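Following: one structure in structure tokens, then a few remarks.
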Amino acid sequence: QVQLAESGGTLVQAGGSLNLSCVASGETRRVNAMGWYRQAPDKQRERVAAISGTTITNYAPSVRGRFVISRDPAKNTVYLQMNRLEPGDTAVYYCHAVDFTTGGDYWGQGTQVTVSS
């Protein structure tokens, strides 16, 4: 099993920046890809960004050019640097990991990001 713990969510003004962190623990050798999802009130959960290894990344069109995902394997941590935040970025952000041995998913408990206008 793998446990994921997010941190860094808070209230920020539009145009500001935040850096989210997600630390993985447990059987982390089972994890190959990690990413961030978000879910706003009354909306479906959507993928924001993902990273495979340390260099292969992809982003949702709504955040491309503003958000940067990165990973530090030595610390079992994935980051999401969020810049030029907009009120539409308000959501609970969840860390996600893929278990390459089973194809299963792991999720963190979520961290709230609120962007005020």
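A note on labels: chains of the structure tokens are A, B, ... as shown, every chain counts residues from 1, and ligands are counted from 1 in their shown order.
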Practice item. Find the residues near A:Asp72: any atom within 10 Å, counting only C-alpha atoms, skip ones fewer than 5 places away on the same chain, and give them as an NGL selection string. Key: :A and (23 or 53-54 or 77-79)
Export, as a short mmCIF file (atom, residue, chain, number, x, y, z; two decimals), in the first residue's frame, the selected residues with N, CA and C atoms.
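The resulting file, result.cif, is reproduced below:
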```
data_model
loop_
_atom_site.label_atom_id
_atom_site.label_comp_id
_atom_site.auth_asym_id
_atom_site.auth_seq_id
_atom_site.Cartn_x
_atom_site.Cartn_y
_atom_site.Cartn_z
N VAL A 23 3.58 14.02 -0.26
CA VAL A 23 4.60 13.06 0.15
C VAL A 23 4.01 11.65 0.12
N GLY A 53 7.96 9.32 -14.10
CA GLY A 53 9.37 9.50 -13.83
C GLY A 53 9.59 10.88 -13.27
N THR A 54 10.55 11.59 -13.85
CA THR A 54 10.78 12.97 -13.39
C THR A 54 10.69 13.99 -14.51
N THR A 77 8.33 12.81 -3.17
CA THR A 77 7.44 13.97 -3.14
C THR A 77 7.18 14.48 -4.55
N VAL A 78 5.94 14.86 -4.79
CA VAL A 78 5.56 15.52 -6.03
C VAL A 78 5.02 16.89 -5.66
N TYR A 79 5.34 17.87 -6.49
CA TYR A 79 4.95 19.24 -6.24
C TYR A 79 4.06 19.77 -7.36
#
```
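Shell of A:Tyr93 at 8 Å, with only C-alpha atoms counted and residues fewer than 4 places along the chain excluded, is A:Gly9, A:Trp36, A:Tyr37, A:Arg38, A:Gln39, A:Gly110, A:Thr111, A:Gln112, A:Val113.
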Selection to disk with C-alpha atoms, as a PDB file, in the first residue's frame:
```pdb
ATOM      1  CA  GLY A   9      -3.504  24.567   0.197  1.00  0.00           C
ATOM      2  CA  TRP A  36      -2.744  16.165  -9.222  1.00  0.00           C
ATOM      3  CA  TYR A  37      -6.495  16.260  -9.635  1.00  0.00           C
ATOM      4  CA  ARG A  38      -8.972  18.822  -8.424  1.00  0.00           C
ATOM      5  CA  GLN A  39     -12.651  18.929  -7.662  1.00  0.00           C
ATOM      6  CA  GLY A 110      -7.067  16.500  -0.478  1.00  0.00           C
ATOM      7  CA  THR A 111      -6.046  20.055   0.280  1.00  0.00           C
ATOM      8  CA  GLN A 112      -8.284  23.089  -0.202  1.00  0.00           C
ATOM      9  CA  VAL A 113      -7.189  25.877  -2.513  1.00  0.00           C
TER      10      VAL A 113
END
```
Can you tell me, as a short mmCIF file (atom, residue, chain, number, x, y, z; two decimals) with N, CA and C atoms, in the first residue's frame, what residues are no more than 7 Å from A:Ala5 when counting only C-alpha atoms, ignoring any on the same chain fewer than 5 positions away?
```
data_model
loop_
_atom_site.label_atom_id
_atom_site.label_comp_id
_atom_site.auth_asym_id
_atom_site.auth_seq_id
_atom_site.Cartn_x
_atom_site.Cartn_y
_atom_site.Cartn_z
N CYS A 22 3.08 16.80 -2.09
CA CYS A 22 2.47 15.50 -1.78
C CYS A 22 3.59 14.53 -1.48
N VAL A 23 3.58 14.02 -0.26
CA VAL A 23 4.60 13.06 0.15
C VAL A 23 4.01 11.65 0.12
N ALA A 24 4.69 10.76 -0.55
CA ALA A 24 4.27 9.36 -0.62
C ALA A 24 5.05 8.55 0.41
N GLY A 108 -4.68 10.91 -2.10
CA GLY A 108 -4.53 11.62 -0.84
C GLY A 108 -5.88 12.09 -0.34
N GLN A 109 -5.85 12.76 0.81
CA GLN A 109 -7.10 13.21 1.43
C GLN A 109 -7.56 14.54 0.87
#
```
Exercise for review: Rank nothing, just name the residue among A:Thr90, A:Asn83, A:Asn76, A:Ser70 nearest to A:Thr114, using only C-alpha atoms.
Suggested key: A:Thr90
Point to revise | All residues 10 Å or closer to A:Ser52, only C-alpha atoms, same chain fewer than 2 positions away omitted, as JSON, numbers by chain | key: {"A": [31, 32, 33, 34, 35, 50, 54, 55, 56, 57, 58, 70, 71, 97, 98]}
Expected file contents, prior selection, N, CA, C and O atoms, as a tab-separated table (two decimals), in the first residue's frame:
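Output contents, as saved in out.tsv:
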```tsv
chain	number	residue	atom	x	y	z
A	31	VAL	N	5.12	2.77	-7.28
A	31	VAL	CA	4.55	3.94	-7.96
A	31	VAL	C	5.43	4.36	-9.14
A	31	VAL	O	6.65	4.51	-8.98
A	32	ASN	N	4.83	4.55	-10.32
A	32	ASN	CA	5.59	5.09	-11.44
A	32	ASN	C	5.10	6.47	-11.82
A	32	ASN	O	5.90	7.39	-12.01
A	33	ALA	N	3.83	6.68	-11.91
A	33	ALA	CA	3.30	7.98	-12.29
A	33	ALA	C	2.55	8.60	-11.12
A	33	ALA	O	1.90	7.90	-10.34
A	34	MET	N	2.64	9.91	-11.02
A	34	MET	CA	1.91	10.64	-10.00
A	34	MET	C	1.29	11.88	-10.63
A	34	MET	O	1.68	12.29	-11.73
A	35	GLY	N	0.34	12.45	-9.94
A	35	GLY	CA	-0.31	13.62	-10.50
A	35	GLY	C	-1.20	14.32	-9.51
A	35	GLY	O	-1.28	13.93	-8.34
A	50	ALA	N	0.12	15.67	-14.53
A	50	ALA	CA	0.66	14.36	-14.20
A	50	ALA	C	2.12	14.30	-14.60
A	50	ALA	O	2.56	15.04	-15.50
A	54	THR	N	10.55	11.59	-13.85
A	54	THR	CA	10.78	12.97	-13.39
A	54	THR	C	10.69	13.99	-14.51
A	54	THR	O	10.82	15.20	-14.25
A	55	THR	N	10.45	13.52	-15.75
A	55	THR	CA	10.51	14.47	-16.86
A	55	THR	C	9.31	14.45	-17.78
A	55	THR	O	9.08	15.42	-18.50
A	56	ILE	N	8.54	13.40	-17.78
A	56	ILE	CA	7.41	13.32	-18.71
A	56	ILE	C	6.18	13.89	-18.01
A	56	ILE	O	5.67	13.32	-17.04
A	57	THR	N	5.71	15.02	-18.53
A	57	THR	CA	4.61	15.71	-17.88
A	57	THR	C	3.49	15.99	-18.87
A	57	THR	O	3.71	16.03	-20.08
A	58	ASN	N	2.31	16.16	-18.35
A	58	ASN	CA	1.21	16.68	-19.16
A	58	ASN	C	0.27	17.46	-18.27
A	58	ASN	O	0.22	17.26	-17.05
A	70	SER	N	6.36	18.79	-10.66
A	70	SER	CA	7.72	18.27	-10.57
A	70	SER	C	7.74	17.17	-9.51
A	70	SER	O	6.80	17.03	-8.73
A	71	ARG	N	8.84	16.43	-9.51
A	71	ARG	CA	8.92	15.27	-8.62
A	71	ARG	C	10.34	15.13	-8.12
A	71	ARG	O	11.30	15.30	-8.88
A	97	ALA	N	-1.55	8.66	-7.34
A	97	ALA	CA	-0.41	7.83	-7.75
A	97	ALA	C	-0.92	6.54	-8.38
A	97	ALA	O	-1.99	6.04	-7.99
A	98	VAL	N	-0.15	6.05	-9.33
A	98	VAL	CA	-0.50	4.81	-10.03
A	98	VAL	C	0.45	3.71	-9.61
A	98	VAL	O	1.68	3.89	-9.65
```
Review point. Out of A:Val115, A:Cys95, A:Leu18, A:Leu11, which residue has the shortest atom-to-atom distance to A:Val68 when counting only C-alpha atoms?
Key: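 That would be A:Leu18, the residue with the smallest distance to A:Val68.
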Practice item. From a DSSP pass on the backbone, collect the residues of stretch 15-106 of chain A flagged as strand (DSSP E or B) and hand them back as a VMD selection string. Key: chain A and resid 18 to 26 31 to 39 46 to 52 56 to 59 64 67 to 72 77 to 82 91 to 99 105 to 106
Review point. Closest to A:Arg66 among A:Val2, A:Ala49, A:Leu85, A:Ala40, using only C-alpha atoms?
Key: A:Leu85
Review point. How many Å separate atom CA of A:Ala14 from atom CA of A:Glu86?
Key: 5.0 Å
Review point. Any idea what's packed within 7 Å of A:Thr101, counting only C-alpha atoms, ignoring anything in its chain fewer than 2 positions away? Could you give it as a count of residues only?
Key: 3
Point to revise | Of the listed residues A:Gly104, A:His96, A:Tyr59, A:Thr28, that which approaches A:Lys75 most closely, counting only C-alpha atoms | key: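 Result for the nearest residue to A:Lys75: A:Thr28.
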Check your understanding: Hey, which of A:Ala60, A:Ser117, A:Trp107, A:Ile69 ends up closest to A:Gln3? Count only C-alpha atoms.
Key -> A:Trp107
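Nearest to A:Asp89 of all the residues A:Asp105, A:Glu27, A:Glu46, A:Glu6 is A:Glu46, based on only C-alpha atoms.
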